[in-house]
Amino acid sequence: MNETAGFTAQDSATRISVGDAITPEDLRSSGAATDEETARYALILGDDSLMLAQRLGHWISRAPELEEDIALGNIALDLLGHARFFLTYAGTAWGKTEDDLAYFRDEDEFRSARLVEQDNGDFAKTIARQLIFSFYSHELYSRLVDSADETLAAVADKALKEVAYHQDHSAQWLLRLAGGTEESHQRMQAGLEAVWAYVDELFYDAEPTPKLAEAGIAVLPSTLREPVMSRLTQSIEQAGLSIPEVKGAFGADRSGRFSEQRGFILAEMQVLARQHPGATW
Amino acid sequence: MTAAMTTAEDIRLSPDGVRPTEPRDAAVWDLAAQVNDPEIPVLSIADLGILRAAAATGDGGGVVLITPTYSGCPAMDTITEDVRTALQQGGYDPVRVQTVLKPAWTTDWMTDEGKTKLREYGITPPSGTAPVRNGPVSVGLSVKCPRCNSLDTRELARFGSTACKALYQCRACLEPFDYFKVL
């Protein structure tokens with residue numbers, strides 16, 4: 001059995017309980033500190049998961065049924081777990097903690113795709129967003145498990161199994177809503193239309209991914225387009241819905257320059273940590 | 001390097017989930033194995049397969065490797081602290097509790113004893129084994145009601161009270177119950 005990338009739990013700036021967060025020092029002592037470029041890549045992965053987790057958390061107590069409160073909450077928790085690992089790992093390159101990166105970066109420093117930042121809309125729009133992101137991340141992680149970077153491969157190995165459940169969740173709701181009433185069918189189609197313009201950005205080869213992909217560390221997003229789109233197309237058509245004919249949104253480069261939503265998400269997510277730095281509860 | 005000189009930093013353990021054969025390492029394992037899962041208090045972290053490795057260090061300390069069931073599992077913090085406390089009370093200092101992600105946790109690591117305890121507690125243990133990555137899709141086996149043992153049950157919600165459980169209902173006795181889903 002090979003040696004493994006390890007994390008040790010210790011104190012954190014915003015700890016919930018004693019020994020909550022993983023610190024960069026722990027990662028470094030386990031020999032898992034990374035370089036600038038891999039860190040920037042890990043940030044892309046982590047920011048997607050973090051933003052979507054924050055969005056999904058809003059559904060708790062507001063979903064159409066209690067089971068969905070719990071399902072979406074659980075999915076958000078998984079995503080938050082992925083984000084923590086990626087952000088912690090990225091932070092090792094800069095001597096920053098996961099909390100530094102989540103709470104003390106500004107809008108233009110996040111690398112998330114706009115798809116995950118879109119507002120929840122109605123339940124069908126959230127399912128449309130889930131469908132696209134879970135299919136995308138399943139394909140991504142199924143390749144990242146073979147990364148030459150041991151830590152990224154380990155996080156992907158863990159995430160892959162969880163994302164398989166997320167995929168199943170959204171695919172089943174797609175079928176139920178599409179085949180439910182006329183109203184649910186129409187709303188599911190409208191949900192897809194609402195988020196479709198942001199699909200393309202997921203496949204944008206943002207820096208420094210191409211170089212890292214060549215080194216076998218990263219997965220080149222553009223290579224995910226074909227398999228993800230063909231699976232999405234199949235699922236959507238099987239559900240009796242149609243692929244939206246929507247032009248891709250302008251500025252699909254993960255810079256967030258054209259994302260109206262990002263600032264609002266951050267305002268809510270970061271306010272406590274910024275108003276009360278070092279707060280514990 | 002002799003064993004007497006090793007500290008936690010020097011030790012590289014293989015997270016294979018097997019109780020060490022060396023008595024001084026096994027003693028650390030046994031202390032850690034007494035820690036129960038905070039969400040399912042009848043199961044120890046050894047029963048669940050969360051405990052992956054343990055060793056005594058040459059400087060009087062102990063090292064324990066654990067792995068999360070789910071990436072976002074909030075119980076990991078409590079488990080980490082409980083393991084630390086158990087070792088400290090056993091006289092080990094310094095104590096290092098390290099989380100490893102690979103190989104990823106699977107319900108296949110749950111011990112038979114753990115499955116029996118889980119059933120007695122009212123939670124149906126995972127039926128069947130986890131699918132091998134990129135392998136054939138595993139066949140969904142019937143989920144047995146932990147109360148009346150009927151196989152006539154249905155899934156109410158795939159996501160249950162904690163990340164690792166789904167909510168089921170028995171059609172025979174009509175009772176709802178938790179099912180520890182295969183991962």
# chains A, B, ... in the order shown; residues from 1 in each chain; ligands from 1
>>> closest_atom_pairs(of="chain B", to="chain A", cutoff="9 Å", atoms="only C-alpha atoms", output="Markdown table")
| residue | atom | partner | partner_atom | distance |
| --- | --- | --- | --- | --- |
| B:Glu9 | CA | A:Ser29 | CA | 7.4 |
| B:Arg12 | CA | A:Glu3 | CA | 6.7 |
| B:Leu13 | CA | A:Glu3 | CA | 7.0 |
| B:Ser14 | CA | A:Met1 | CA | 6.0 |
| B:Pro15 | CA | A:Met1 | CA | 7.7 |
| B:Asp16 | CA | A:Met1 | CA | 7.4 |
| B:Leu65 | CA | A:Gly6 | CA | 8.7 |
| B:Thr69 | CA | A:Lys158 | CA | 8.9 |
| B:Tyr70 | CA | A:Asp78 | CA | 6.8 |
| B:Ser71 | CA | A:Gly81 | CA | 4.5 |
| B:Gly72 | CA | A:Gly81 | CA | 3.8 |
| B:Cys73 | CA | A:Gly81 | CA | 7.5 |
| B:Pro74 | CA | A:Leu77 | CA | 8.7 |
| B:Met76 | CA | A:Asp20 | CA | 8.3 |
| B:Asp77 | CA | A:Asp20 | CA | 5.2 |
| B:Thr78 | CA | A:Ser17 | CA | 7.8 |
| B:Thr80 | CA | A:Gly19 | CA | 7.2 |
| B:Glu81 | CA | A:Gly19 | CA | 6.7 |
| B:Arg96 | CA | A:Thr8 | CA | 7.7 |
| B:Val97 | CA | A:Thr8 | CA | 6.2 |
| B:Gln98 | CA | A:Thr8 | CA | 4.4 |
| B:Thr99 | CA | A:Phe7 | CA | 5.0 |
| B:Val100 | CA | A:Gly6 | CA | 4.8 |
| B:Leu101 | CA | A:Ala154 | CA | 5.6 |
| B:Lys102 | CA | A:Ala154 | CA | 5.0 |
| B:Pro103 | CA | A:Ala154 | CA | 7.2 |
| B:Ala104 | CA | A:Lys158 | CA | 5.1 |
| B:Trp105 | CA | A:Lys158 | CA | 7.4 |
| B:Arg133 | CA | A:Ser142 | CA | 8.4 |
| B:Asn134 | CA | A:Ser142 | CA | 8.4 |
| B:Leu156 | CA | A:Glu67 | CA | 8.1 |
| B:Ala157 | CA | A:Glu67 | CA | 6.0 |
| B:Arg158 | CA | A:Ala71 | CA | 7.4 |
| B:Phe159 | CA | A:Ala71 | CA | 4.8 |
| B:Gly160 | CA | A:Ile70 | CA | 6.6 |
| B:Ser161 | CA | A:Ile70 | CA | 7.3 |
| B:Thr162 | CA | A:Asn74 | CA | 7.5 |
| B:Ala163 | CA | A:Asn74 | CA | 5.7 |
| B:Leu167 | CA | A:Glu67 | CA | 8.9 |
| B:Leu183 | CA | A:Lys161 | CA | 6.7 |
>>> residues_around(residues="stretch 29-36 of chain B", least_positions_apart="5", cutoff="12 Å", atoms="only C-alpha atoms", output="PDB file with C-alpha atoms, in the first residue's frame")
ATOM      1  CA  GLY B  17      -7.270  -0.870   8.415  1.00  0.00           C
ATOM      2  CA  VAL B  18      -5.529  -3.872   9.930  1.00  0.00           C
ATOM      3  CA  ARG B  19      -4.751  -4.100  13.648  1.00  0.00           C
ATOM      4  CA  PRO B  20      -0.965  -4.022  13.993  1.00  0.00           C
ATOM      5  CA  THR B  21       0.770  -7.232  15.054  1.00  0.00           C
ATOM      6  CA  GLU B  22       3.474  -5.428  17.044  1.00  0.00           C
ATOM      7  CA  PRO B  23       2.129  -5.297  20.646  1.00  0.00           C
ATOM      8  CA  ARG B  24       3.157  -1.693  21.329  1.00  0.00           C
ATOM      9  CA  PRO B  41     -22.886   5.344  19.183  1.00  0.00           C
ATOM     10  CA  VAL B  42     -23.138   1.536  19.062  1.00  0.00           C
ATOM     11  CA  LEU B  43     -20.386   1.336  16.465  1.00  0.00           C
ATOM     12  CA  SER B  44     -16.705   1.887  17.118  1.00  0.00           C
ATOM     13  CA  ILE B  45     -14.564   3.582  14.520  1.00  0.00           C
ATOM     14  CA  ALA B  46     -12.893   0.188  14.034  1.00  0.00           C
ATOM     15  CA  ASP B  47     -16.266  -1.449  13.276  1.00  0.00           C
ATOM     16  CA  LEU B  48     -16.937   1.247  10.676  1.00  0.00           C
ATOM     17  CA  GLY B  49     -13.556   0.965   9.005  1.00  0.00           C
ATOM     18  CA  ILE B  50     -12.763   4.607   9.844  1.00  0.00           C
ATOM     19  CA  LEU B  51      -9.701   3.550  11.841  1.00  0.00           C
ATOM     20  CA  ARG B  52      -6.985   2.823   9.290  1.00  0.00           C
ATOM     21  CA  ALA B  53      -3.700   2.531  11.191  1.00  0.00           C
ATOM     22  CA  ALA B  54      -2.092   3.109  14.574  1.00  0.00           C
ATOM     23  CA  ALA B  55       1.432   3.108  15.962  1.00  0.00           C
ATOM     24  CA  ALA B  56       3.404   3.983  19.055  1.00  0.00           C
ATOM     25  CA  GLY B  62       1.015   7.763  19.385  1.00  0.00           C
ATOM     26  CA  VAL B  63      -0.084   8.207  15.788  1.00  0.00           C
ATOM     27  CA  VAL B  64      -3.511   7.256  14.477  1.00  0.00           C
ATOM     28  CA  LEU B  65      -4.757   7.422  10.899  1.00  0.00           C
ATOM     29  CA  ILE B  66      -8.466   7.809  10.272  1.00  0.00           C
ATOM     30  CA  ALA B  75     -18.490  13.735  12.787  1.00  0.00           C
ATOM     31  CA  MET B  76     -14.816  13.668  11.811  1.00  0.00           C
ATOM     32  CA  THR B  78     -15.501  14.864  17.107  1.00  0.00           C
ATOM     33  CA  ILE B  79     -13.877  11.560  16.210  1.00  0.00           C
ATOM     34  CA  THR B  80     -10.482  13.244  15.906  1.00  0.00           C
ATOM     35  CA  GLU B  81     -10.873  14.791  19.345  1.00  0.00           C
ATOM     36  CA  ASP B  82     -12.172  11.586  20.905  1.00  0.00           C
ATOM     37  CA  VAL B  83      -9.221   9.598  19.573  1.00  0.00           C
ATOM     38  CA  ARG B  84      -6.831  12.233  20.848  1.00  0.00           C
ATOM     39  CA  THR B  85      -8.451  12.135  24.291  1.00  0.00           C
ATOM     40  CA  ALA B  86      -8.452   8.337  24.400  1.00  0.00           C
ATOM     41  CA  LEU B  87      -4.734   8.210  23.650  1.00  0.00           C
ATOM     42  CA  GLN B  88      -3.875  10.986  26.086  1.00  0.00           C
ATOM     43  CA  GLN B  89      -5.791   9.244  28.822  1.00  0.00           C
ATOM     44  CA  GLY B  90      -3.826   6.135  27.955  1.00  0.00           C
ATOM     45  CA  GLY B  91      -0.650   8.079  28.685  1.00  0.00           C
ATOM     46  CA  TYR B  92       0.480   8.812  25.145  1.00  0.00           C
ATOM     47  CA  VAL B  95      -0.635  12.428  19.979  1.00  0.00           C
ATOM     48  CA  ARG B  96      -1.078  12.867  16.274  1.00  0.00           C
ATOM     49  CA  VAL B  97      -4.393  12.064  14.604  1.00  0.00           C
ATOM     50  CA  GLY B 114     -20.300  -3.839  13.088  1.00  0.00           C
TER      51      GLY B 114
END
>>> select_by_dssp(residues="chain B", states="alpha helix (DSSP H)", output="PyMOL selection string")
chain B and resi 23-32+45-48+75-89+112-121
>>> write_last_selection(atoms="N, CA and C atoms", output="compact mmCIF listing (two decimals), in the first residue's frame")
# COMPACT_ATOMS: atom_id res chain seq x y z
N PRO B 23 2.94 -5.59 19.46
CA PRO B 23 2.13 -5.30 20.65
C PRO B 23 2.07 -3.81 21.01
N ARG B 24 3.19 -3.10 20.91
CA ARG B 24 3.16 -1.69 21.33
C ARG B 24 2.31 -0.83 20.38
N ASP B 25 2.27 -1.21 19.11
CA ASP B 25 1.40 -0.51 18.16
C ASP B 25 -0.06 -0.94 18.35
N ALA B 26 -0.24 -2.22 18.61
CA ALA B 26 -1.60 -2.75 18.80
C ALA B 26 -2.26 -2.09 20.02
N ALA B 27 -1.46 -1.74 21.01
CA ALA B 27 -2.02 -1.09 22.20
C ALA B 27 -2.61 0.27 21.84
N VAL B 28 -1.96 0.99 20.93
CA VAL B 28 -2.49 2.29 20.47
C VAL B 28 -3.77 2.06 19.68
N TRP B 29 -3.72 1.08 18.81
CA TRP B 29 -4.91 0.72 18.01
C TRP B 29 -6.10 0.43 18.92
N ASP B 30 -5.86 -0.38 19.96
CA ASP B 30 -6.96 -0.78 20.84
C ASP B 30 -7.59 0.40 21.57
N LEU B 31 -6.75 1.37 21.93
CA LEU B 31 -7.28 2.57 22.58
C LEU B 31 -8.16 3.35 21.60
N ALA B 32 -7.66 3.52 20.39
CA ALA B 32 -8.41 4.27 19.36
C ALA B 32 -9.69 3.53 19.00
N ILE B 45 -15.14 3.16 15.80
CA ILE B 45 -14.56 3.58 14.52
C ILE B 45 -13.82 2.42 13.84
N ALA B 46 -13.49 1.38 14.64
CA ALA B 46 -12.89 0.19 14.03
C ALA B 46 -13.97 -0.62 13.30
N ASP B 47 -15.15 -0.73 13.92
CA ASP B 47 -16.27 -1.45 13.28
C ASP B 47 -16.61 -0.81 11.93
N LEU B 48 -16.54 0.52 11.88
CA LEU B 48 -16.94 1.25 10.68
C LEU B 48 -15.86 1.26 9.60
N ALA B 75 -18.88 14.53 11.63
CA ALA B 75 -18.49 13.74 12.79
C ALA B 75 -16.97 13.58 12.89
N MET B 76 -16.26 13.88 11.81
CA MET B 76 -14.82 13.67 11.81
C MET B 76 -14.10 14.49 12.88
N ASP B 77 -14.60 15.69 13.12
CA ASP B 77 -13.96 16.56 14.11
C ASP B 77 -14.08 15.96 15.50
N THR B 78 -15.27 15.49 15.80
CA THR B 78 -15.50 14.86 17.11
C THR B 78 -14.67 13.59 17.23
N ILE B 79 -14.64 12.80 16.18
CA ILE B 79 -13.88 11.56 16.21
C ILE B 79 -12.39 11.86 16.45
N THR B 80 -11.88 12.85 15.74
CA THR B 80 -10.48 13.24 15.91
C THR B 80 -10.19 13.58 17.37
N GLU B 81 -11.07 14.38 17.95
CA GLU B 81 -10.87 14.79 19.35
C GLU B 81 -11.00 13.61 20.30
N ASP B 82 -11.97 12.74 20.03
CA ASP B 82 -12.17 11.59 20.90
C ASP B 82 -10.97 10.64 20.87
N VAL B 83 -10.40 10.46 19.69
CA VAL B 83 -9.22 9.60 19.57
C VAL B 83 -8.05 10.22 20.33
N ARG B 84 -7.91 11.53 20.17
CA ARG B 84 -6.83 12.23 20.85
C ARG B 84 -6.97 12.07 22.37
N THR B 85 -8.19 12.27 22.85
CA THR B 85 -8.45 12.13 24.29
C THR B 85 -8.18 10.71 24.77
N ALA B 86 -8.64 9.74 24.00
CA ALA B 86 -8.45 8.34 24.40
C ALA B 86 -6.96 8.00 24.54
N LEU B 87 -6.17 8.50 23.60
CA LEU B 87 -4.73 8.21 23.65
C LEU B 87 -4.05 8.96 24.80
N GLN B 88 -4.48 10.20 24.99
CA GLN B 88 -3.88 10.99 26.09
C GLN B 88 -4.19 10.36 27.44
N GLN B 89 -5.43 9.90 27.57
CA GLN B 89 -5.79 9.24 28.82
C GLN B 89 -5.04 7.93 29.01
N ASP B 112 -18.16 -7.43 10.09
CA ASP B 112 -19.39 -8.21 10.27
C ASP B 112 -20.00 -7.93 11.63
N GLU B 113 -19.11 -7.78 12.61
CA GLU B 113 -19.59 -7.47 13.96
C GLU B 113 -20.30 -6.11 13.94
N GLY B 114 -19.70 -5.17 13.22
CA GLY B 114 -20.30 -3.84 13.09
C GLY B 114 -21.67 -3.91 12.44
N LYS B 115 -21.80 -4.73 11.41
CA LYS B 115 -23.09 -4.86 10.72
C LYS B 115 -24.16 -5.44 11.64
N THR B 116 -23.74 -6.42 12.45
CA THR B 116 -24.69 -7.02 13.39
C THR B 116 -25.15 -5.99 14.41
N LYS B 117 -24.19 -5.23 14.95
CA LYS B 117 -24.53 -4.20 15.95
C LYS B 117 -25.45 -3.14 15.35
N LEU B 118 -25.17 -2.79 14.11
CA LEU B 118 -25.97 -1.77 13.42
C LEU B 118 -27.42 -2.23 13.29
N ARG B 119 -27.60 -3.49 12.89
CA ARG B 119 -28.93 -4.04 12.71
C ARG B 119 -29.69 -4.05 14.03
N GLU B 120 -28.97 -4.46 15.09
CA GLU B 120 -29.62 -4.51 16.41
C GLU B 120 -30.02 -3.11 16.88
N TYR B 121 -29.28 -2.11 16.41
CA TYR B 121 -29.54 -0.72 16.79
C TYR B 121 -30.74 -0.16 16.02
>>> residues_around(residues="A:Thr38", least_positions_apart="3", cutoff="12 Å", atoms="only C-alpha atoms", output="tab-separated table (two decimals) with N, CA and C atoms, in the first residue's frame")
chain	number	residue	atom	x	y	z
A	32	ALA	N	2.73	17.46	1.76
A	32	ALA	CA	1.78	17.64	0.68
A	32	ALA	C	1.64	19.09	0.22
A	33	ALA	N	2.59	19.95	0.54
A	33	ALA	CA	2.51	21.34	0.07
A	33	ALA	C	2.66	21.36	-1.44
A	34	THR	N	1.94	22.26	-2.06
A	34	THR	CA	1.94	22.24	-3.52
A	34	THR	C	2.58	23.51	-4.09
A	35	ASP	N	2.67	23.54	-5.41
A	35	ASP	CA	3.27	24.68	-6.08
A	35	ASP	C	2.19	25.66	-6.55
A	41	TYR	N	-5.00	25.70	-9.89
A	41	TYR	CA	-5.93	24.71	-10.44
A	41	TYR	C	-6.87	24.20	-9.34
A	42	ALA	N	-6.29	23.90	-8.18
A	42	ALA	CA	-7.11	23.41	-7.06
A	42	ALA	C	-8.16	24.45	-6.66
A	43	LEU	N	-7.81	25.71	-6.81
A	43	LEU	CA	-8.72	26.80	-6.49
A	43	LEU	C	-9.95	26.77	-7.42
A	44	ILE	N	-9.72	26.49	-8.70
A	44	ILE	CA	-10.84	26.41	-9.65
A	44	ILE	C	-11.81	25.32	-9.19
A	45	LEU	N	-11.26	24.17	-8.85
A	45	LEU	CA	-12.11	23.05	-8.44
A	45	LEU	C	-12.81	23.36	-7.13
A	86	PHE	N	-9.83	20.99	-1.39
A	86	PHE	CA	-9.16	21.69	-2.49
A	86	PHE	C	-8.57	23.02	-2.02
A	87	LEU	N	-9.34	23.77	-1.24
A	87	LEU	CA	-8.87	25.07	-0.78
A	87	LEU	C	-7.70	24.93	0.19
A	89	TYR	N	-5.58	22.54	0.22
A	89	TYR	CA	-4.41	22.14	-0.58
A	89	TYR	C	-3.85	23.34	-1.33
A	90	ALA	N	-4.72	24.13	-1.95
A	90	ALA	CA	-4.27	25.33	-2.66
A	90	ALA	C	-3.52	26.25	-1.70
A	91	GLY	N	-4.05	26.37	-0.51
A	91	GLY	CA	-3.46	27.28	0.47
A	91	GLY	C	-2.03	26.93	0.87
A	92	THR	N	-1.66	25.68	0.73
A	92	THR	CA	-0.30	25.29	1.11
A	92	THR	C	0.75	26.00	0.28
A	93	ALA	N	0.36	26.41	-0.92
A	93	ALA	CA	1.33	27.10	-1.79
A	93	ALA	C	1.58	28.53	-1.32
A	94	TRP	N	0.60	29.08	-0.58
A	94	TRP	CA	0.70	30.50	-0.21
A	94	TRP	C	0.69	30.72	1.30
A	147	SER	N	-4.67	11.42	-11.58
A	147	SER	CA	-3.73	12.55	-11.60
A	147	SER	C	-2.38	12.16	-11.04
A	148	ALA	N	-1.35	12.77	-11.61
A	148	ALA	CA	0.01	12.55	-11.11
A	148	ALA	C	0.19	13.21	-9.75
A	149	ASP	N	-0.72	14.12	-9.40
A	149	ASP	CA	-0.66	14.76	-8.09
A	149	ASP	C	-1.45	13.89	-7.10
A	150	GLU	N	-0.73	13.38	-6.12
A	150	GLU	CA	-1.31	12.41	-5.21
A	150	GLU	C	-2.50	12.97	-4.41
A	151	THR	N	-2.38	14.22	-3.99
A	151	THR	CA	-3.46	14.80	-3.19
A	151	THR	C	-4.72	15.03	-4.02
A	152	LEU	N	-4.55	15.59	-5.22
A	152	LEU	CA	-5.71	15.79	-6.09
A	152	LEU	C	-6.38	14.46	-6.41
A	207	GLU	N	-6.24	29.13	-17.46
A	207	GLU	CA	-4.86	29.00	-16.98
A	207	GLU	C	-4.89	28.60	-15.52
A	208	PRO	N	-3.99	27.80	-15.05
A	208	PRO	CA	-2.88	27.16	-15.74
A	208	PRO	C	-3.19	25.71	-16.13
A	209	THR	N	-4.47	25.42	-16.39
A	209	THR	CA	-4.86	24.03	-16.61
A	209	THR	C	-4.15	23.33	-17.78
A	210	PRO	N	-4.04	23.99	-18.96
A	210	PRO	CA	-3.42	23.27	-20.10
A	210	PRO	C	-2.03	22.72	-19.78
A	211	LYS	N	-1.23	23.55	-19.13
A	211	LYS	CA	0.14	23.13	-18.81
A	211	LYS	C	0.14	21.97	-17.81
A	212	LEU	N	-0.74	22.07	-16.83
A	212	LEU	CA	-0.83	21.01	-15.82
A	212	LEU	C	-1.39	19.73	-16.41
A	213	ALA	N	-2.29	19.89	-17.38
A	213	ALA	CA	-2.87	18.70	-18.01
A	213	ALA	C	-1.79	17.94	-18.77
A	215	ALA	N	1.23	17.77	-17.95
A	215	ALA	CA	2.05	17.08	-16.95
A	215	ALA	C	1.30	15.95	-16.26
A	216	GLY	N	0.05	15.74	-16.68
A	216	GLY	CA	-0.73	14.64	-16.09
A	216	GLY	C	-1.31	14.97	-14.73
A	217	ILE	N	-1.29	16.26	-14.37
A	217	ILE	CA	-1.80	16.66	-13.06
A	217	ILE	C	-3.27	17.06	-13.13
A	218	ALA	N	-3.61	17.88	-14.13
A	218	ALA	CA	-4.98	18.37	-14.26
A	218	ALA	C	-5.72	17.63	-15.37
A	219	VAL	N	-7.04	17.77	-15.35
A	219	VAL	CA	-7.86	17.27	-16.44
A	219	VAL	C	-8.22	18.48	-17.30
>>> residues_around(residues="A:Phe250", least_positions_apart="4", cutoff="10 Å", atoms="only C-alpha atoms", output="list of chain:residue names")
A:Ala197, A:Tyr198, A:Glu201, A:Phe258
>>> write_last_selection(atoms="C-alpha atoms", output="PDB file, in the first residue's frame")
ATOM      1  CA  ALA A 197     -25.994  29.651 -21.448  1.00  0.00           C
ATOM      2  CA  TYR A 198     -23.503  28.914 -18.662  1.00  0.00           C
ATOM      3  CA  GLU A 201     -17.748  27.875 -19.289  1.00  0.00           C
ATOM      4  CA  PHE A 258     -19.577  39.282 -15.854  1.00  0.00           C
TER       5      PHE A 258
END
>>> atom_distance(atom1="atom CA of A:Ile236", atom2="atom CA of A:Glu193")
11.9 Å
>>> decode(residues="stretch 46-68 of chain B", atoms="N, CA and C atoms", output="JSON list (two decimals), in the first residue's frame")
[["chain", "number", "residue", "atom", "x", "y", "z"],
["B", 46, "ALA", "N", -13.49, 1.38, 14.64],
["B", 46, "ALA", "CA", -12.89, 0.19, 14.03],
["B", 46, "ALA", "C", -13.97, -0.62, 13.30],
["B", 47, "ASP", "N", -15.15, -0.73, 13.92],
["B", 47, "ASP", "CA", -16.27, -1.45, 13.28],
["B", 47, "ASP", "C", -16.61, -0.81, 11.93],
["B", 48, "LEU", "N", -16.54, 0.52, 11.88],
["B", 48, "LEU", "CA", -16.94, 1.25, 10.68],
["B", 48, "LEU", "C", -15.86, 1.26, 9.60],
["B", 49, "GLY", "N", -14.64, 0.91, 9.99],
["B", 49, "GLY", "CA", -13.56, 0.96, 9.01],
["B", 49, "GLY", "C", -12.97, 2.36, 8.88],
["B", 50, "ILE", "N", -13.30, 3.25, 9.85],
["B", 50, "ILE", "CA", -12.76, 4.61, 9.84],
["B", 50, "ILE", "C", -11.32, 4.59, 10.35],
["B", 51, "LEU", "N", -11.05, 3.70, 11.29],
["B", 51, "LEU", "CA", -9.70, 3.55, 11.84],
["B", 51, "LEU", "C", -8.84, 2.79, 10.84],
["B", 52, "ARG", "N", -7.79, 3.43, 10.35],
["B", 52, "ARG", "CA", -6.99, 2.82, 9.29],
["B", 52, "ARG", "C", -5.62, 2.31, 9.74],
["B", 53, "ALA", "N", -5.02, 2.97, 10.74],
["B", 53, "ALA", "CA", -3.70, 2.53, 11.19],
["B", 53, "ALA", "C", -3.39, 3.19, 12.53],
["B", 54, "ALA", "N", -2.51, 2.55, 13.29],
["B", 54, "ALA", "CA", -2.09, 3.11, 14.57],
["B", 54, "ALA", "C", -0.68, 2.64, 14.88],
["B", 55, "ALA", "N", 0.07, 3.50, 15.58],
["B", 55, "ALA", "CA", 1.43, 3.11, 15.96],
["B", 55, "ALA", "C", 1.88, 3.90, 17.18],
["B", 56, "ALA", "N", 2.77, 3.28, 17.95],
["B", 56, "ALA", "CA", 3.40, 3.98, 19.06],
["B", 56, "ALA", "C", 4.69, 4.59, 18.52],
["B", 57, "THR", "N", 5.04, 5.78, 19.01],
["B", 57, "THR", "CA", 6.29, 6.40, 18.57],
["B", 57, "THR", "C", 7.35, 6.21, 19.64],
["B", 58, "GLY", "N", 8.59, 6.40, 19.22],
["B", 58, "GLY", "CA", 9.69, 6.18, 20.14],
["B", 58, "GLY", "C", 9.76, 7.19, 21.28],
["B", 59, "ASP", "N", 9.09, 8.34, 21.10],
["B", 59, "ASP", "CA", 9.15, 9.38, 22.13],
["B", 59, "ASP", "C", 7.95, 9.33, 23.08],
["B", 60, "GLY", "N", 7.27, 8.20, 23.12],
["B", 60, "GLY", "CA", 6.16, 8.05, 24.06],
["B", 60, "GLY", "C", 4.82, 8.50, 23.52],
["B", 61, "GLY", "N", 4.79, 8.88, 22.25],
["B", 61, "GLY", "CA", 3.55, 9.36, 21.65],
["B", 61, "GLY", "C", 2.85, 8.28, 20.85],
["B", 62, "GLY", "N", 1.77, 8.69, 20.22],
["B", 62, "GLY", "CA", 1.02, 7.76, 19.39],
["B", 62, "GLY", "C", 0.52, 8.45, 18.13],
["B", 63, "VAL", "N", 0.43, 7.69, 17.05],
["B", 63, "VAL", "CA", -0.08, 8.21, 15.79],
["B", 63, "VAL", "C", -1.26, 7.34, 15.37],
["B", 64, "VAL", "N", -2.34, 7.99, 14.94],
["B", 64, "VAL", "CA", -3.51, 7.26, 14.48],
["B", 64, "VAL", "C", -3.95, 7.83, 13.14],
["B", 65, "LEU", "N", -4.22, 6.98, 12.19],
["B", 65, "LEU", "CA", -4.76, 7.42, 10.90],
["B", 65, "LEU", "C", -6.23, 7.07, 10.83],
["B", 66, "ILE", "N", -7.04, 8.06, 10.47],
["B", 66, "ILE", "CA", -8.47, 7.81, 10.27],
["B", 66, "ILE", "C", -8.86, 8.33, 8.90],
["B", 67, "THR", "N", -10.00, 7.87, 8.40],
["B", 67, "THR", "CA", -10.46, 8.33, 7.09],
["B", 67, "THR", "C", -11.93, 8.71, 7.20],
["B", 68, "PRO", "N", -12.33, 9.80, 6.52],
["B", 68, "PRO", "CA", -13.74, 10.19, 6.61],
["B", 68, "PRO", "C", -14.64, 9.26, 5.81]]
